[in-house]
file entry24.cif (mmCIF, C-alpha atoms and all ligand atoms)
data_start
loop_
_atom_site.label_atom_id
_atom_site.label_comp_id
_atom_site.auth_asym_id
_atom_site.auth_seq_id
_atom_site.Cartn_x
_atom_site.Cartn_y
_atom_site.Cartn_z
CA MET A 1 0.00 0.00 0.00
CA ILE A 2 1.38 3.35 -0.97
CA GLY A 3 0.26 6.70 0.38
CA ALA A 4 -0.34 9.82 -1.68
CA ALA A 5 3.08 11.22 -0.89
CA GLY A 6 4.83 8.13 -2.23
CA THR A 7 5.71 6.83 1.22
CA PRO A 8 4.20 3.88 3.03
CA GLY A 9 0.73 5.02 4.07
CA PRO A 10 -0.87 5.00 7.46
CA ALA A 11 -2.67 1.92 8.73
CA VAL A 12 -6.08 3.60 8.51
CA PRO A 13 -7.66 2.94 5.10
CA ALA A 14 -9.57 5.70 3.33
CA LEU A 15 -12.49 3.28 2.98
CA SER A 16 -13.16 0.02 4.72
CA VAL A 17 -16.31 -1.89 3.81
CA THR A 18 -17.02 -5.12 5.64
CA GLY A 19 -19.83 -7.55 4.96
CA LEU A 20 -21.96 -4.92 3.24
CA GLY A 21 -25.40 -6.08 2.24
CA VAL A 22 -28.36 -4.23 0.73
CA ALA A 23 -31.83 -5.70 1.04
CA ALA A 24 -35.15 -4.83 -0.55
CA ARG A 25 -38.21 -6.16 1.25
CA GLY A 26 -36.13 -8.85 2.94
CA ARG A 27 -34.40 -9.97 -0.27
CA GLU A 28 -30.68 -9.24 -0.34
CA ILE A 29 -29.57 -7.62 -3.64
CA VAL A 30 -26.01 -6.91 -2.56
CA THR A 31 -24.31 -9.49 -0.35
CA GLY A 32 -21.10 -9.76 1.67
CA VAL A 33 -19.18 -6.96 -0.03
CA ASP A 34 -15.71 -6.36 1.42
CA LEU A 35 -13.70 -3.43 0.07
CA ARG A 36 -10.64 -1.60 1.32
CA ILE A 37 -9.15 1.46 -0.33
CA GLU A 38 -5.95 2.98 0.94
CA PRO A 39 -5.41 6.75 1.03
CA GLY A 40 -4.76 8.05 -2.46
CA GLU A 41 -5.53 4.71 -4.09
CA ARG A 42 -7.86 4.39 -7.10
CA VAL A 43 -9.91 1.22 -7.16
CA GLY A 44 -12.35 0.10 -9.84
CA LEU A 45 -15.67 -1.68 -9.40
CA ILE A 46 -16.84 -3.42 -12.55
CA GLY A 47 -19.66 -5.72 -13.53
CA GLU A 48 -22.56 -5.88 -15.92
CA SER A 49 -25.67 -3.73 -15.60
CA GLY A 50 -27.68 -4.69 -12.51
CA SER A 51 -24.79 -6.39 -10.72
CA GLY A 52 -25.07 -4.04 -7.74
CA LYS A 53 -22.31 -1.47 -8.34
CA SER A 54 -24.46 1.62 -7.85
CA LEU A 55 -26.21 0.25 -4.78
CA THR A 56 -22.80 -0.45 -3.26
CA ALA A 57 -21.75 3.15 -3.99
CA LEU A 58 -24.97 4.58 -2.59
CA ALA A 59 -24.62 2.48 0.57
CA ILE A 60 -21.08 3.83 1.02
CA MET A 61 -22.42 7.38 0.69
CA GLY A 62 -25.36 6.69 3.02
CA LEU A 63 -27.64 7.56 0.12
CA LEU A 64 -29.73 4.42 -0.29
CA PRO A 65 -33.42 5.03 -0.95
CA ASP A 66 -35.76 4.39 1.98
CA ASP A 67 -37.01 1.08 0.60
CA LEU A 68 -33.51 -0.43 0.77
CA THR A 69 -31.82 -1.53 3.98
CA PRO A 70 -28.04 -1.77 4.40
CA ARG A 71 -26.21 -4.06 6.80
CA GLY A 72 -22.55 -4.62 7.58
CA SER A 73 -20.06 -1.82 8.09
CA VAL A 74 -18.78 1.15 6.06
CA ARG A 75 -15.98 3.17 7.66
CA ILE A 76 -14.38 6.24 6.10
CA ALA A 77 -11.14 7.70 7.47
CA GLY A 78 -11.79 10.78 9.57
CA VAL A 79 -15.47 9.98 10.05
CA GLY A 80 -16.14 9.06 13.65
CA HIS A 81 -19.07 6.75 12.97
CA ASP A 82 -20.11 3.85 10.80
CA VAL A 83 -22.05 4.98 7.72
CA VAL A 84 -24.41 2.04 8.12
CA GLY A 85 -26.98 2.99 10.72
CA ALA A 86 -25.80 6.61 11.03
CA ARG A 87 -28.22 9.51 11.53
CA GLU A 88 -29.05 11.59 8.47
CA ARG A 89 -27.57 14.67 10.19
CA ASP A 90 -24.19 12.93 10.56
CA LEU A 91 -24.32 11.56 7.03
CA SER A 92 -25.03 14.93 5.58
CA ALA A 93 -22.08 16.45 7.49
CA MET A 94 -19.88 13.65 6.14
CA ARG A 95 -20.93 14.11 2.51
CA GLY A 96 -19.07 16.86 0.72
CA ARG A 97 -16.51 17.04 3.55
CA ASP A 98 -15.09 13.51 3.85
CA VAL A 99 -16.65 11.78 0.87
CA SER A 100 -18.10 13.08 -2.39
CA MET A 101 -19.73 11.46 -5.37
CA VAL A 102 -19.81 12.14 -9.09
CA PHE A 103 -22.69 10.55 -10.98
CA GLN A 104 -23.11 9.85 -14.68
CA GLU A 105 -25.47 12.75 -15.35
CA PRO A 106 -24.12 16.11 -14.16
CA MET A 107 -27.45 17.93 -14.54
CA SER A 108 -28.92 15.78 -11.76
CA ALA A 109 -26.25 17.03 -9.36
CA LEU A 110 -26.50 20.73 -10.22
CA ASN A 111 -29.05 23.36 -9.28
CA PRO A 112 -30.36 24.58 -12.66
CA THR A 113 -31.30 28.00 -11.25
CA MET A 114 -27.96 28.87 -9.63
CA ARG A 115 -24.81 30.09 -11.34
CA VAL A 116 -22.24 27.30 -11.40
CA GLY A 117 -19.45 29.28 -9.74
CA ARG A 118 -21.77 30.09 -6.88
CA GLN A 119 -22.56 26.40 -6.48
CA ILE A 120 -18.85 25.61 -6.12
CA ALA A 121 -18.23 28.55 -3.77
CA GLU A 122 -21.21 27.59 -1.59
CA THR A 123 -19.80 24.12 -1.09
CA LEU A 124 -16.61 25.72 0.17
CA LEU A 125 -18.55 28.08 2.44
CA ILE A 126 -20.97 25.55 3.85
CA ARG A 127 -18.24 23.15 4.83
CA ARG A 128 -15.95 25.80 6.30
CA PRO A 129 -16.33 25.50 10.05
CA GLY A 130 -17.99 28.51 11.66
CA ALA A 131 -18.69 30.27 8.35
CA ALA A 132 -22.27 31.02 9.33
CA ASP A 133 -21.31 32.53 12.71
CA ARG A 134 -18.82 35.13 11.55
CA SER A 135 -19.33 38.92 11.52
CA GLU A 136 -20.59 40.44 8.27
CA GLN A 137 -17.14 41.79 7.41
CA ALA A 138 -15.41 38.50 8.16
CA ARG A 139 -18.09 36.64 6.25
CA GLU A 140 -17.66 38.91 3.25
CA HIS A 141 -13.97 38.15 3.36
CA THR A 142 -14.74 34.44 3.55
CA GLU A 143 -17.10 34.75 0.59
CA THR A 144 -14.40 36.54 -1.39
CA SER A 145 -11.92 33.78 -0.64
CA ALA A 146 -14.50 31.12 -1.49
CA ARG A 147 -15.06 32.83 -4.85
CA GLU A 148 -11.34 32.93 -5.49
CA ALA A 149 -10.95 29.30 -4.44
CA ALA A 150 -13.83 28.34 -6.75
CA LEU A 151 -12.19 30.16 -9.66
CA THR A 152 -8.90 28.40 -8.95
CA LEU A 153 -10.67 25.04 -8.88
CA MET A 154 -12.44 25.81 -12.15
CA ALA A 155 -9.12 26.66 -13.78
CA GLU A 156 -7.54 23.49 -12.35
CA LEU A 157 -10.31 21.40 -13.85
CA GLY A 158 -9.90 23.03 -17.24
CA ILE A 159 -13.20 24.90 -17.32
CA PRO A 160 -12.59 27.50 -20.03
CA ASP A 161 -12.59 31.18 -19.05
CA PRO A 162 -13.38 30.58 -15.38
CA ALA A 163 -14.41 34.18 -14.72
CA SER A 164 -17.25 34.08 -17.26
CA SER A 165 -18.06 30.39 -16.71
CA TYR A 166 -18.47 31.26 -13.00
CA ARG A 167 -21.52 33.33 -13.94
CA ALA A 168 -23.02 30.72 -16.28
CA TYR A 169 -26.04 28.60 -15.46
CA PRO A 170 -25.63 24.82 -15.90
CA HIS A 171 -27.62 24.74 -19.15
CA GLN A 172 -25.22 27.25 -20.71
CA LEU A 173 -22.29 24.85 -20.41
CA SER A 174 -21.46 21.73 -22.42
CA GLY A 175 -21.86 18.26 -20.87
CA GLY A 176 -18.13 17.96 -20.31
CA GLN A 177 -17.93 21.40 -18.70
CA ARG A 178 -20.89 20.59 -16.46
CA GLN A 179 -19.24 17.36 -15.33
CA ARG A 180 -16.09 19.33 -14.48
CA VAL A 181 -18.23 21.70 -12.40
CA VAL A 182 -19.65 18.68 -10.56
CA LEU A 183 -16.11 17.44 -10.07
CA ALA A 184 -15.09 20.86 -8.71
CA ILE A 185 -17.95 20.71 -6.20
CA ALA A 186 -16.97 17.16 -5.27
CA LEU A 187 -13.31 18.10 -4.76
CA ALA A 188 -13.93 21.48 -3.13
CA ASN A 189 -13.16 20.19 0.35
CA ASP A 190 -10.40 17.74 -0.53
CA PRO A 191 -12.44 14.65 0.33
CA THR A 192 -10.81 11.54 1.74
CA LEU A 193 -12.78 9.51 -0.79
CA LEU A 194 -14.30 10.35 -4.15
CA VAL A 195 -16.89 7.89 -5.46
CA CYS A 196 -17.34 8.08 -9.23
CA ASP A 197 -20.28 6.19 -10.73
CA GLU A 198 -19.89 6.11 -14.53
CA PRO A 199 -18.59 9.70 -14.46
CA THR A 200 -17.82 9.92 -18.17
CA THR A 201 -20.28 7.48 -19.73
CA ALA A 202 -22.57 10.27 -20.94
CA LEU A 203 -19.73 12.27 -22.50
CA ASP A 204 -18.30 12.37 -25.97
CA VAL A 205 -15.18 10.19 -26.16
CA THR A 206 -12.70 13.06 -26.58
CA VAL A 207 -14.20 14.97 -23.65
CA GLN A 208 -14.24 11.71 -21.72
CA ALA A 209 -10.46 11.38 -21.86
CA TYR A 210 -10.04 14.95 -20.65
CA VAL A 211 -12.43 14.56 -17.72
CA LEU A 212 -10.82 11.26 -16.72
CA ASP A 213 -7.46 12.96 -16.77
CA ARG A 214 -8.76 15.69 -14.46
CA ILE A 215 -10.23 13.12 -12.08
CA VAL A 216 -6.91 11.30 -11.89
CA ARG A 217 -4.74 14.40 -11.52
CA SER A 218 -6.94 16.31 -9.10
CA THR A 219 -7.49 13.37 -6.76
CA HIS A 220 -3.80 12.50 -6.94
CA ASP A 221 -2.82 16.06 -6.02
CA ARG A 222 -5.15 15.97 -3.00
CA GLY A 223 -4.32 12.44 -1.92
CA SER A 224 -8.00 11.52 -2.28
CA ALA A 225 -8.85 7.87 -2.70
CA VAL A 226 -11.19 6.97 -5.56
CA LEU A 227 -13.81 4.26 -5.93
CA PHE A 228 -14.37 4.21 -9.68
CA ILE A 229 -17.45 2.44 -11.02
CA SER A 230 -17.61 1.74 -14.71
CA HIS A 231 -18.72 -0.83 -17.22
CA ASP A 232 -15.95 0.41 -19.51
CA LEU A 233 -12.94 -1.80 -18.81
CA PRO A 234 -10.36 0.20 -20.81
CA VAL A 235 -11.37 3.26 -18.81
CA VAL A 236 -10.94 1.34 -15.57
CA ALA A 237 -7.54 0.15 -16.77
CA SER A 238 -6.53 3.75 -17.43
CA VAL A 239 -7.63 5.08 -14.05
CA CYS A 240 -7.29 2.34 -11.43
CA SER A 241 -4.55 0.23 -9.93
CA ARG A 242 -6.85 -2.39 -8.36
CA VAL A 243 -10.24 -3.68 -9.38
CA HIS A 244 -13.17 -5.61 -7.90
CA VAL A 245 -15.47 -7.60 -10.16
CA MET A 246 -19.13 -7.76 -9.17
CA ASN A 247 -21.70 -10.30 -10.30
CA ARG A 248 -25.24 -10.63 -8.97
CA GLY A 249 -24.57 -8.52 -5.91
CA ARG A 250 -21.33 -10.23 -4.89
CA ILE A 251 -17.67 -9.49 -5.49
CA VAL A 252 -16.37 -12.52 -7.36
CA GLU A 253 -12.79 -11.46 -8.07
CA SER A 254 -10.39 -8.77 -6.87
CA GLY A 255 -6.79 -7.84 -7.52
CA PRO A 256 -4.40 -5.52 -9.31
CA VAL A 257 -5.87 -4.38 -12.63
CA GLU A 258 -2.92 -5.81 -14.49
CA THR A 259 -3.50 -9.27 -12.99
CA VAL A 260 -7.28 -9.37 -13.19
CA PHE A 261 -7.36 -8.01 -16.74
CA THR A 262 -4.66 -10.33 -18.09
CA ARG A 263 -5.00 -13.45 -15.93
CA PRO A 264 -8.57 -13.58 -14.64
CA THR A 265 -9.47 -16.56 -12.51
CA HIS A 266 -13.26 -16.30 -12.34
CA PRO A 267 -15.28 -17.38 -15.40
CA TYR A 268 -17.49 -14.30 -15.05
CA THR A 269 -14.44 -12.00 -15.24
CA ARG A 270 -13.29 -13.85 -18.34
CA ARG A 271 -16.63 -13.27 -20.00
CA LEU A 272 -16.55 -9.59 -19.08
CA LEU A 273 -13.08 -9.26 -20.56
CA ASP A 274 -14.03 -11.15 -23.72
CA ALA A 275 -16.92 -8.75 -24.27
CA SER A 276 -14.77 -5.67 -23.62
CA GLU A 277 -12.59 -3.49 -25.81
CA LEU A 278 -9.41 -4.47 -24.03
CA PRO A 279 -6.68 -6.03 -26.17
CA PRO A 280 -6.89 -9.84 -26.22
CA ARG A 281 -5.19 -11.72 -23.42
CA PRO A 282 -2.47 -14.15 -24.45
CA SER A 283 -4.60 -17.06 -23.24
CA SER A 284 -7.90 -15.86 -24.72
CA GLY A 285 -7.21 -17.24 -28.19
CA GLY A 286 -6.75 -13.80 -29.76
CA GLY A 287 -10.17 -13.93 -31.35
CA ARG A 288 -10.89 -10.31 -30.55
CA ARG A 289 -9.16 -7.42 -32.17
CA GLY A 290 -7.39 -5.28 -29.66
CA ALA A 291 -7.87 -1.55 -29.53
CA THR A 292 -4.81 0.17 -30.84
CA ALA A 293 -5.01 3.82 -29.95
CA SER A 294 -3.97 5.07 -26.55
CA VAL A 295 -4.99 8.18 -24.75
CA ALA A 296 -1.26 8.68 -24.39
CA SER A 297 -1.46 10.23 -27.83
CA THR A 298 -3.71 12.94 -26.42
CA GLY A 299 -1.29 13.60 -23.58
CA SER A 300 -3.97 12.56 -21.17
CA VAL A 301 -4.83 9.72 -18.84
CA GLY A 302 -2.63 6.68 -18.81
CA SER A 303 0.23 8.00 -20.84
CA THR A 304 2.99 6.34 -18.91
CA GLY A 305 4.01 5.64 -15.40
CA SER A 306 3.43 3.43 -12.48
CA SER A 307 0.39 1.30 -12.01
CA SER A 308 0.44 1.99 -8.30
CA ALA A 309 -1.93 4.66 -7.14
CA GLY A 310 -0.31 7.58 -5.49
CA SER A 311 3.19 6.46 -6.34
CA GLY A 312 4.22 9.76 -7.83
CA SER A 313 2.55 9.63 -11.22
CA PRO A 314 -1.18 10.16 -11.46
CA ALA A 315 -1.39 7.98 -14.54
CA ALA A 316 -2.25 4.30 -14.43
CA ARG A 317 -1.84 2.63 -17.80
CA PRO A 318 -2.63 3.17 -21.49
CA MET A 319 -6.30 3.33 -22.32
CA PRO A 320 -7.66 2.14 -25.65
CA THR A 321 -10.05 4.78 -26.95
CA ARG A 322 -12.48 2.66 -28.93
CA ARG A 323 -15.57 2.03 -26.86
CA ARG A 324 -19.07 0.71 -27.22
CA SER A 325 -22.14 0.25 -25.10
CA TRP A 326 -22.04 -2.49 -22.57
CA THR A 327 -23.93 -5.69 -23.28
CA SER A 328 -24.14 -8.58 -20.90
CA PRO A 329 -21.39 -11.11 -21.51
CA ALA A 330 -23.70 -13.87 -20.43
N1 LIG B 401 -34.97 0.53 -4.85
C1 LIG B 401 -34.80 -0.72 -5.34
N2 LIG B 401 -35.63 -1.73 -5.00
C2 LIG B 401 -35.46 -2.97 -5.46
N3 LIG B 401 -34.45 -3.32 -6.31
C3 LIG B 401 -33.59 -2.37 -6.70
C4 LIG B 401 -33.73 -1.02 -6.24
N4 LIG B 401 -32.72 -0.29 -6.80
C5 LIG B 401 -32.01 -1.14 -7.57
N5 LIG B 401 -32.52 -2.38 -7.51
C6 LIG B 401 -32.04 -3.58 -8.20
O1 LIG B 401 -30.77 -3.90 -7.67
C7 LIG B 401 -29.92 -4.46 -8.67
C8 LIG B 401 -28.59 -3.75 -8.69
O2 LIG B 401 -28.78 -2.42 -9.14
P1 LIG B 401 -27.58 -1.40 -9.37
O3 LIG B 401 -28.18 -0.12 -9.82
O4 LIG B 401 -26.71 -1.38 -8.19
O5 LIG B 401 -26.80 -2.09 -10.57
P2 LIG B 401 -25.52 -1.56 -11.38
O6 LIG B 401 -24.52 -2.64 -11.35
O7 LIG B 401 -25.11 -0.24 -10.86
O8 LIG B 401 -26.12 -1.40 -12.84
P3 LIG B 401 -25.88 -0.23 -13.93
O9 LIG B 401 -24.50 -0.45 -14.46
O10 LIG B 401 -26.93 -0.47 -14.94
O11 LIG B 401 -26.03 1.06 -13.20
C9 LIG B 401 -30.68 -4.35 -9.98
O12 LIG B 401 -31.25 -5.60 -10.28
C10 LIG B 401 -31.76 -3.34 -9.68
O13 LIG B 401 -32.91 -3.56 -10.43
#
call {"tool": "encode", "arguments": {"input": "entry24.cif", "output": "structure tokens"}}
result
Amino acid sequence: MIGAAGTPGPAVPALSVTGLGVAARGREIVTGVDLRIEPGERVGLIGESGSGKSLTALAIMGLLPDDLTPRGSVRIAGVGHDVVGARERDLSAMRGRDVSMVFQEPMSALNPTMRVGRQIAETLLIRRPGAADRSEQAREHTETSAREAALTLMAELGIPDPASSYRAYPHQLSGGQRQRVVLAIALANDPTLLVCDEPTTALDVTVQAYVLDRIVRSTHDRGSAVLFISHDLPVVASVCSRVHVMNRGRIVESGPVETVFTRPTHPYTRRLLDASELPPRPSSGGGRRGATASVASTGSVGSTGSSSAGSGSPAARPMPTRRRSWTSPA
């Protein structure tokens, strides 16, 4: 395990999930999920549609709908309570401060009637301890610094012309720009853990590479751990160092991306890989054509570098750019 600064990390994991289950009307949909993510580490969660990835993510965020019941344990570094069974007040304090989430569709995470810069600045203000109690003058100063911090974040995430984008409403931005605003909100308080659920699936492939690159770089710079959910295996290969494979609510295989994607042991993982756009494995018979292009050519995610998260380079490994919609490998 390697910490964000390239030195052996502390014993406390960023995320520790033990025996997580999610039940609907007594029927368990997610069962016995164990996950551990070290500080600064990026870990993928893959599996076909309906395998339970999103429910796992929502349970980690304490965001399950009322008709679903979690069990087991979800601990996040710096949070003094278990997420499972916590009060809504504690969960809401935790979200945005210790853990943030980026969903597939940015519009669902943004307030359509508020300027985007204001939405980023408010996240900074709300989470700043004591912000509401300060004198008017001190508060004004805090608001000015929040605005400046929001502009800096927007520039960091490659939102063009931050000063004028700050004043834009969500509908005035492109999908890729909106997702970068969501990312800015998610990263505003340097969360311990960022959960990404198909963060680039709705984006055009060229924008996708750029947004992925920003996710990798910005979380690396902050030492934030990432749980990265995707059905797109090349994307997972480009972002993550370890991966968990989920099938029918259970994790069936886990390991370093390089191992799982080249020498899978579970038949379900093999089927997933065979249906993916990853280059053929030596043992897979070579029936599939491998993708040839790498995002390295765009100077983006996965150009070179170590496959270990937080080891100095934010990049993981080359990512083939050809992609298609997921279909069940079964
Ligand atoms: N509120 C609910 N009540 C009952 N079943 C649900 C509920 N929400 C989700 N499910 C079921 O739980 C299973 C897992 O859903 P989940 O959304 O976690 O899958 P997923 O792996 O994220 O799929 P996708 O990649 O399509 O998002 C699915 O069969 C889904 O229909």
call {"tool": "closest_atom_pairs", "arguments": {"input": "entry24.cif", "of": "chain A", "to": "ligand LIG 401 (chain B)", "cutoff": "6 Å", "atoms": "only C-alpha atoms and all ligand atoms", "output": "Markdown table"}}
result
| residue | atom | partner | partner_atom | distance |
| --- | --- | --- | --- | --- |
| A:Ala24 | CA | B:LIG401 | C2 | 5.3 |
| A:Ile29 | CA | B:LIG401 | O1 | 5.6 |
| A:Glu48 | CA | B:LIG401 | O6 | 5.9 |
| A:Ser49 | CA | B:LIG401 | O10 | 3.6 |
| A:Gly50 | CA | B:LIG401 | O5 | 3.4 |
| A:Ser51 | CA | B:LIG401 | O6 | 3.8 |
| A:Gly52 | CA | B:LIG401 | O4 | 3.2 |
| A:Lys53 | CA | B:LIG401 | O6 | 3.9 |
| A:Ser54 | CA | B:LIG401 | O7 | 3.6 |
| A:Leu55 | CA | B:LIG401 | O4 | 3.8 |
| A:Asp67 | CA | B:LIG401 | N1 | 5.8 |
| A:Leu68 | CA | B:LIG401 | N1 | 5.9 |
call {"tool": "residues_around", "arguments": {"input": "entry24.cif", "residues": "Arg178 (chain A)", "least_positions_apart": "4", "cutoff": "12 Å", "atoms": "only C-alpha atoms", "output": "PyMOL selection string"}}
result
chain A and resi 102-112+115-117+119-120+154+157-160+165-166+168-174+182-185+199-200+202-203+207+211
call {"tool": "atom_distance", "arguments": {"input": "entry24.cif", "atom1": "CA of Thr262 (chain A)", "atom2": "CA of Glu41 (chain A)"}}
result
20.6 Å
call {"tool": "residues_around", "arguments": {"input": "entry24.cif", "residues": "Leu63 (chain A)", "least_positions_apart": "4", "cutoff": "10 Å", "atoms": "only C-alpha atoms", "output": "list in words"}}
result
Leu55, Thr56, Ala57, Leu58, Ala59, Leu68, Val83, Glu88, Leu91, Ser92 and Arg95 of chain A
call {"tool": "closest_residue", "arguments": {"input": "entry24.cif", "among": "A:Leu233, A:Arg248, A:Cys240, A:Val205", "to": "Glu277 (chain A)", "atoms": "only C-alpha atoms"}}
result
A:Leu233
call {"tool": "closest_residue", "arguments": {"input": "entry24.cif", "among": "A:Asp161, A:Ile46, A:Cys196, A:Thr69", "to": "Arg27 (chain A)", "atoms": "all atoms listed in the file"}}
result
A:Thr69
call {"tool": "closest_residue", "arguments": {"input": "entry24.cif", "among": "A:Arg250, A:Arg97, A:Arg180, A:Arg281", "to": "Ile126 (chain A)", "atoms": "only C-alpha atoms"}}
result
A:Arg97
call {"tool": "atom_distance", "arguments": {"input": "entry24.cif", "atom1": "CA of Pro13 (chain A)", "atom2": "CA of Leu124 (chain A)"}}
result
25.0 Å
call {"tool": "axis_aligned_box", "arguments": {"input": "entry24.cif", "around": "region 243-252 of chain A", "padding_each_side": "5 Å", "output": "lines of an AutoDock Vina configuration file"}}
result
center_x = -17.7
center_y = -8.1
center_z = -7.6
size_x = 25.0
size_y = 18.8
size_z = 15.4
call {"tool": "closest_residue", "arguments": {"input": "entry24.cif", "among": "A:Glu122, A:Arg89, A:Arg167, A:Phe261", "to": "Ser145 (chain A)", "atoms": "all atoms listed in the file"}}
result
A:Glu122
call {"tool": "atom_distance", "arguments": {"input": "entry24.cif", "atom1": "CA of Thr265 (chain A)", "atom2": "CA of Gly47 (chain A)"}}
result
14.9 Å
call {"tool": "closest_residue", "arguments": {"input": "entry24.cif", "among": "A:Thr142, A:Ser100, A:Ser218, A:Thr192", "to": "Ala155 (chain A)", "atoms": "only C-alpha atoms"}}
result
A:Ser218
call {"tool": "closest_residue", "arguments": {"input": "entry24.cif", "among": "A:Val252, A:Ala93, A:Ala121, A:Leu273", "to": "Asp34 (chain A)", "atoms": "only C-alpha atoms"}}
result
A:Val252
call {"tool": "residues_near_point", "arguments": {"input": "entry24.cif", "point": "(-19.0, 31.8, -2.7)", "cutoff": "7 Å", "atoms": "all atoms listed in the file", "output": "ChimeraX atom specification"}}
result
/A:118,121-122,125,143-144,146-147
call {"tool": "residues_around", "arguments": {"input": "entry24.cif", "residues": "Pro70 (chain A)", "least_positions_apart": "6", "cutoff": "7 Å", "atoms": "all atoms listed in the file", "output": "tab-separated table (two decimals) with C-alpha atoms, in the frame of the given file"}}
result
chain	number	residue	atom	x	y	z
A	20	LEU	CA	-21.96	-4.92	3.24
A	21	GLY	CA	-25.40	-6.08	2.24
A	22	VAL	CA	-28.36	-4.23	0.73
A	23	ALA	CA	-31.83	-5.70	1.04
A	59	ALA	CA	-24.62	2.48	0.57
A	84	VAL	CA	-24.41	2.04	8.12
call {"tool": "build_atoms", "arguments": {"input": "entry24.cif", "residues": "region 252-266 of chain A", "atoms": "N, CA and C atoms", "output": "PDB file, keeping the file's coordinate frame"}}
result
ATOM      1  N   VAL A 252     -16.820 -11.169  -7.014  1.00  0.00           N
ATOM      2  CA  VAL A 252     -16.370 -12.520  -7.360  1.00  0.00           C
ATOM      3  C   VAL A 252     -14.865 -12.602  -7.615  1.00  0.00           C
ATOM      4  N   GLU A 253     -14.251 -11.443  -7.860  1.00  0.00           N
ATOM      5  CA  GLU A 253     -12.790 -11.460  -8.070  1.00  0.00           C
ATOM      6  C   GLU A 253     -12.228 -10.083  -7.777  1.00  0.00           C
ATOM      7  N   SER A 254     -11.041 -10.043  -7.197  1.00  0.00           N
ATOM      8  CA  SER A 254     -10.390  -8.770  -6.870  1.00  0.00           C
ATOM      9  C   SER A 254      -8.899  -8.909  -7.106  1.00  0.00           C
ATOM     10  N   GLY A 255      -8.247  -7.803  -7.386  1.00  0.00           N
ATOM     11  CA  GLY A 255      -6.790  -7.840  -7.520  1.00  0.00           C
ATOM     12  C   GLY A 255      -6.277  -6.641  -8.280  1.00  0.00           C
ATOM     13  N   PRO A 256      -4.954  -6.593  -8.490  1.00  0.00           N
ATOM     14  CA  PRO A 256      -4.400  -5.520  -9.310  1.00  0.00           C
ATOM     15  C   PRO A 256      -5.006  -5.587 -10.714  1.00  0.00           C
ATOM     16  N   VAL A 257      -5.257  -4.428 -11.299  1.00  0.00           N
ATOM     17  CA  VAL A 257      -5.870  -4.380 -12.630  1.00  0.00           C
ATOM     18  C   VAL A 257      -5.083  -5.232 -13.616  1.00  0.00           C
ATOM     19  N   GLU A 258      -3.776  -5.090 -13.544  1.00  0.00           N
ATOM     20  CA  GLU A 258      -2.920  -5.810 -14.490  1.00  0.00           C
ATOM     21  C   GLU A 258      -3.144  -7.326 -14.394  1.00  0.00           C
ATOM     22  N   THR A 259      -3.305  -7.821 -13.176  1.00  0.00           N
ATOM     23  CA  THR A 259      -3.500  -9.270 -12.990  1.00  0.00           C
ATOM     24  C   THR A 259      -4.891  -9.682 -13.422  1.00  0.00           C
ATOM     25  N   VAL A 260      -5.892  -8.966 -12.915  1.00  0.00           N
ATOM     26  CA  VAL A 260      -7.280  -9.370 -13.190  1.00  0.00           C
ATOM     27  C   VAL A 260      -7.586  -9.256 -14.682  1.00  0.00           C
ATOM     28  N   PHE A 261      -7.039  -8.223 -15.330  1.00  0.00           N
ATOM     29  CA  PHE A 261      -7.360  -8.010 -16.740  1.00  0.00           C
ATOM     30  C   PHE A 261      -6.524  -8.885 -17.692  1.00  0.00           C
ATOM     31  N   THR A 262      -5.448  -9.464 -17.190  1.00  0.00           N
ATOM     32  CA  THR A 262      -4.660 -10.330 -18.090  1.00  0.00           C
ATOM     33  C   THR A 262      -4.736 -11.801 -17.694  1.00  0.00           C
ATOM     34  N   ARG A 263      -4.930 -12.052 -16.376  1.00  0.00           N
ATOM     35  CA  ARG A 263      -5.000 -13.450 -15.930  1.00  0.00           C
ATOM     36  C   ARG A 263      -6.183 -13.646 -14.994  1.00  0.00           C
ATOM     37  N   PRO A 264      -7.395 -13.432 -15.501  1.00  0.00           N
ATOM     38  CA  PRO A 264      -8.570 -13.580 -14.640  1.00  0.00           C
ATOM     39  C   PRO A 264      -8.750 -15.020 -14.201  1.00  0.00           C
ATOM     40  N   THR A 265      -9.262 -15.197 -12.989  1.00  0.00           N
ATOM     41  CA  THR A 265      -9.470 -16.560 -12.510  1.00  0.00           C
ATOM     42  C   THR A 265     -10.941 -16.960 -12.508  1.00  0.00           C
ATOM     43  N   HIS A 266     -11.826 -15.971 -12.413  1.00  0.00           N
ATOM     44  CA  HIS A 266     -13.260 -16.300 -12.340  1.00  0.00           C
ATOM     45  C   HIS A 266     -13.858 -16.306 -13.756  1.00  0.00           C
TER      46      HIS A 266
END
